[in-house]
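Have a look at the structure below, then the notes.
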Amino acid sequence: MYITIVVPIYNEHENAKALCIDFLNSSFESTDLLLVDNGSDAPAAITSLSSLDSQKIKTLRLESNLGFGGGIKAGLMATNSEWIVWMPGNMKVLPSNLNQYIGLLTESNATAVVKACRKGRKFLPKAKTLLASMIQSIASLSLMLDTGATPTAIHRGNKMYDLIASGPIDYTFESYVVFLARKLRVPMIRTPVIYGERLRGQSHWQRGLITEIALMMRILQGFSGLSLIHISEPTRQAE
């Protein structure tokens, strides 16, 4: 069984370097790291990181910024690993602390989505997450708890896998994945993951109350645009 961790990066070279070093200090077996360069201004700074360990660290260059969800989808298409894990590269989560999380990625859990349960956060972020969970749950008529928690992982054989390509390209992608799992009755496994502070830089979407409200509106618009046709049981052709 092989695992690829997909991390979209946009002009966060220092975070990306720190992420790679921390990943290489982990004890993961049969696991590599794919950095998706989402149209960064200095692509060589991302590409050069593969030289740290060309067997464990790969890079994928996108000529324009496709957003968090767009970067994830590009990463999904670029790897053939059985399990695909994705998360932001802001170093709020240290890869070397994901031993318990990675341990859940087994064949017996291949039908489930494995998602983090954020721990160690301050009161205000937790309060905003609770409010967002309540609003999303009401709007979608589904249980939508802490949808933004990452890492998120899915097995290539999961019935949701092909449908993820229909997801949004921005950070609302995470809400779409949870919504899809609820509608298709795909089991969701949650495991505690310790969150710290962003290492460097600033979020491109979380810059205050106005931007967070705008993000919530996009999530709600996405829910209203989904139809039963979009989330019907997928049918795969025999290979």
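So you can find residues: chains in the structure tokens are A, B, ... in the order shown, residues in each start at 1, and ligands are numbered from 1 in order.
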
What's the 6 Å shell around stretch 134-147 of chain A, counting only C-alpha atoms, without same-chain residues fewer than 3 positions away, as number ranges by chain?
A: 131, 174-175

May I have the residues from that selection written out with N, CA and C atoms, as a short mmCIF file (atom, residue, chain, number, x, y, z; two decimals), in the first residue's frame?
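And here is the file that came out, part04.cif:
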```
data_model
loop_
_atom_site.label_atom_id
_atom_site.label_comp_id
_atom_site.auth_asym_id
_atom_site.auth_seq_id
_atom_site.Cartn_x
_atom_site.Cartn_y
_atom_site.Cartn_z
N LEU A 131 -19.94 27.77 14.80
CA LEU A 131 -20.98 28.53 14.11
C LEU A 131 -21.09 28.10 12.65
N GLU A 174 -13.33 21.44 0.83
CA GLU A 174 -13.42 20.58 2.01
C GLU A 174 -14.88 20.34 2.41
N SER A 175 -15.69 21.38 2.35
CA SER A 175 -17.11 21.23 2.68
C SER A 175 -17.81 20.33 1.67
#
```

Please return, as a PyMOL selection string, all residues of stretch 50-214 of chain A that DSSP assigns to helix (DSSP H, G or I) on the basis of the backbone.
chain A and resi 50-52+67-78+95-97+99-103+107-109+123-140+161-166+173-183+209-214

Nearby residues (only C-alpha atoms) at most 6 Å from A:Trp83, same-chain spacing under 4 positions excluded, as a PDB file with C-alpha atoms, in the first residue's frame:
```pdb
ATOM      1  CA  ILE A   3       0.353   6.864   0.291  1.00  0.00           C
ATOM      2  CA  ILE A 154      -9.453   8.969   0.484  1.00  0.00           C
ATOM      3  CA  HIS A 155      -8.621   5.597  -1.035  1.00  0.00           C
TER       4      HIS A 155
END
```

Residues flagged strand (DSSP E or B) by DSSP in stretch 55-179 of chain A, as a PyMOL selection string:
chain A and resi 57-62+83-86+113-119+152-155

Contacts between stretch 57-63 of chain A and stretch 74-152 of chain A, please, where a residue of stretch 74-152 of chain A counts if it comes within 9 Å (with only C-alpha atoms); show its shortest atom pair and distance in Å to one decimal, rows by chain and ascending number, as a tab-separated table.
```
residue	atom	partner	partner_atom	distance
A:Ala74	CA	A:Leu62	CA	8.4
A:Gly75	CA	A:Leu60	CA	7.7
A:Ala78	CA	A:Leu60	CA	8.0
```

Atom-to-atom span, atom CA of A:Ser51 and atom CA of A:Asp22, Å
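These two atoms are separated by 14.8 Å.
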
Which is closest to A:Lys159 among A:Ile189, A:Ala127, A:Val36, A:Ala110, if we use only C-alpha atoms?
A:Ala110

Give me the residues within 9 Å of A:Ile46 as a PyMOL selection string, counting only C-alpha atoms and dropping any in the same chain fewer than 5 places off.
chain A and resi 9+11-13+16-17+35-37+40+59+61

Just to be explicit: take each residue in the selection above, keep N, CA, C and O atoms, and write the result as a CSV table (one decimal), in the first residue's frame.
```csv
chain,number,residue,atom,x,y,z
A,9,ILE,N,0.7,24.6,-2.8
A,9,ILE,CA,1.6,25.7,-2.3
A,9,ILE,C,1.5,26.9,-3.3
A,9,ILE,O,1.5,26.8,-4.5
A,11,ASN,N,3.2,30.6,-3.3
A,11,ASN,CA,4.1,31.6,-2.8
A,11,ASN,C,4.4,31.5,-1.4
A,11,ASN,O,4.6,32.5,-0.6
A,12,GLU,N,4.5,30.3,-0.9
A,12,GLU,CA,4.8,30.1,0.5
A,12,GLU,C,6.1,29.2,0.6
A,12,GLU,O,6.1,28.1,1.1
A,13,HIS,N,7.2,29.7,0.0
A,13,HIS,CA,8.4,28.9,-0.1
A,13,HIS,C,9.0,28.4,1.2
A,13,HIS,O,9.4,27.3,1.3
A,16,ALA,N,6.9,25.7,2.7
A,16,ALA,CA,7.1,24.5,1.9
A,16,ALA,C,8.4,23.8,2.3
A,16,ALA,O,8.4,22.6,2.5
A,17,LYS,N,9.4,24.6,2.5
A,17,LYS,CA,10.7,24.0,2.8
A,17,LYS,C,10.6,23.4,4.2
A,17,LYS,O,11.1,22.3,4.4
A,35,LEU,N,4.2,18.3,-3.7
A,35,LEU,CA,4.0,19.7,-3.6
A,35,LEU,C,3.4,20.2,-4.9
A,35,LEU,O,4.0,20.1,-6.0
A,36,VAL,N,2.2,20.7,-4.9
A,36,VAL,CA,1.5,21.3,-6.1
A,36,VAL,C,1.8,22.8,-6.1
A,36,VAL,O,1.2,23.5,-5.3
A,37,ASP,N,2.7,23.2,-6.9
A,37,ASP,CA,3.0,24.6,-7.1
A,37,ASP,C,1.8,25.3,-7.8
A,37,ASP,O,1.7,25.2,-9.0
A,40,SER,N,3.0,29.8,-8.4
A,40,SER,CA,3.8,30.6,-7.6
A,40,SER,C,4.7,31.5,-8.5
A,40,SER,O,5.0,31.2,-9.6
A,59,THR,N,7.3,17.3,-7.1
A,59,THR,CA,6.7,18.6,-7.3
A,59,THR,C,5.9,18.6,-8.6
A,59,THR,O,6.2,17.9,-9.5
A,61,ARG,N,4.1,21.5,-11.2
A,61,ARG,CA,3.9,22.9,-11.5
A,61,ARG,C,2.6,23.2,-12.2
A,61,ARG,O,2.4,22.6,-13.3
```

Distance table requested - stretch 48-101 of chain A against stretch 111-114 of chain A, cut-off 12 Å, only C-alpha atoms: one row per qualifying residue with the closest atom pair and its distance in Å to one decimal, ordered by chain and rising residue number, as a Markdown table.
```
| residue | atom | partner | partner_atom | distance |
| --- | --- | --- | --- | --- |
| A:Glu82 | CA | A:Thr111 | CA | 12.0 |
| A:Trp83 | CA | A:Val114 | CA | 10.3 |
| A:Ile84 | CA | A:Val114 | CA | 10.3 |
| A:Val85 | CA | A:Val114 | CA | 8.8 |
| A:Trp86 | CA | A:Val114 | CA | 10.7 |
| A:Gln100 | CA | A:Val114 | CA | 11.5 |
| A:Tyr101 | CA | A:Val114 | CA | 8.1 |
```

Mind writing the picked residues with N, CA and C atoms as a short mmCIF file (atom, residue, chain, number, x, y, z; two decimals), in the first residue's frame?
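Printed below is selection-v8.cif as written:
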```cif
data_model
loop_
_atom_site.label_atom_id
_atom_site.label_comp_id
_atom_site.auth_asym_id
_atom_site.auth_seq_id
_atom_site.Cartn_x
_atom_site.Cartn_y
_atom_site.Cartn_z
N GLU A 82 -2.48 4.38 -3.74
CA GLU A 82 -3.77 3.86 -3.26
C GLU A 82 -4.49 4.87 -2.38
N TRP A 83 -3.74 5.49 -1.46
CA TRP A 83 -4.31 6.50 -0.58
C TRP A 83 -3.77 7.87 -0.94
N ILE A 84 -4.65 8.86 -0.98
CA ILE A 84 -4.24 10.25 -1.21
C ILE A 84 -4.69 11.07 -0.01
N VAL A 85 -3.73 11.75 0.60
CA VAL A 85 -3.97 12.63 1.74
C VAL A 85 -3.73 14.06 1.26
N TRP A 86 -4.56 15.01 1.72
CA TRP A 86 -4.27 16.40 1.36
C TRP A 86 -4.44 17.33 2.55
N GLN A 100 -0.54 8.65 14.10
CA GLN A 100 -1.84 8.04 14.38
C GLN A 100 -2.76 8.16 13.18
N TYR A 101 -2.74 9.32 12.52
CA TYR A 101 -3.58 9.55 11.36
C TYR A 101 -3.19 8.59 10.22
#
```

Calculated over only C-alpha atoms, which of the candidates A:Thr172, A:Ser166, A:Asn99, A:Ser50 has the smallest distance to A:Cys20?
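Between A:Thr172, A:Ser166, A:Asn99, A:Ser50, the residue approaching A:Cys20 most closely is A:Ser50.
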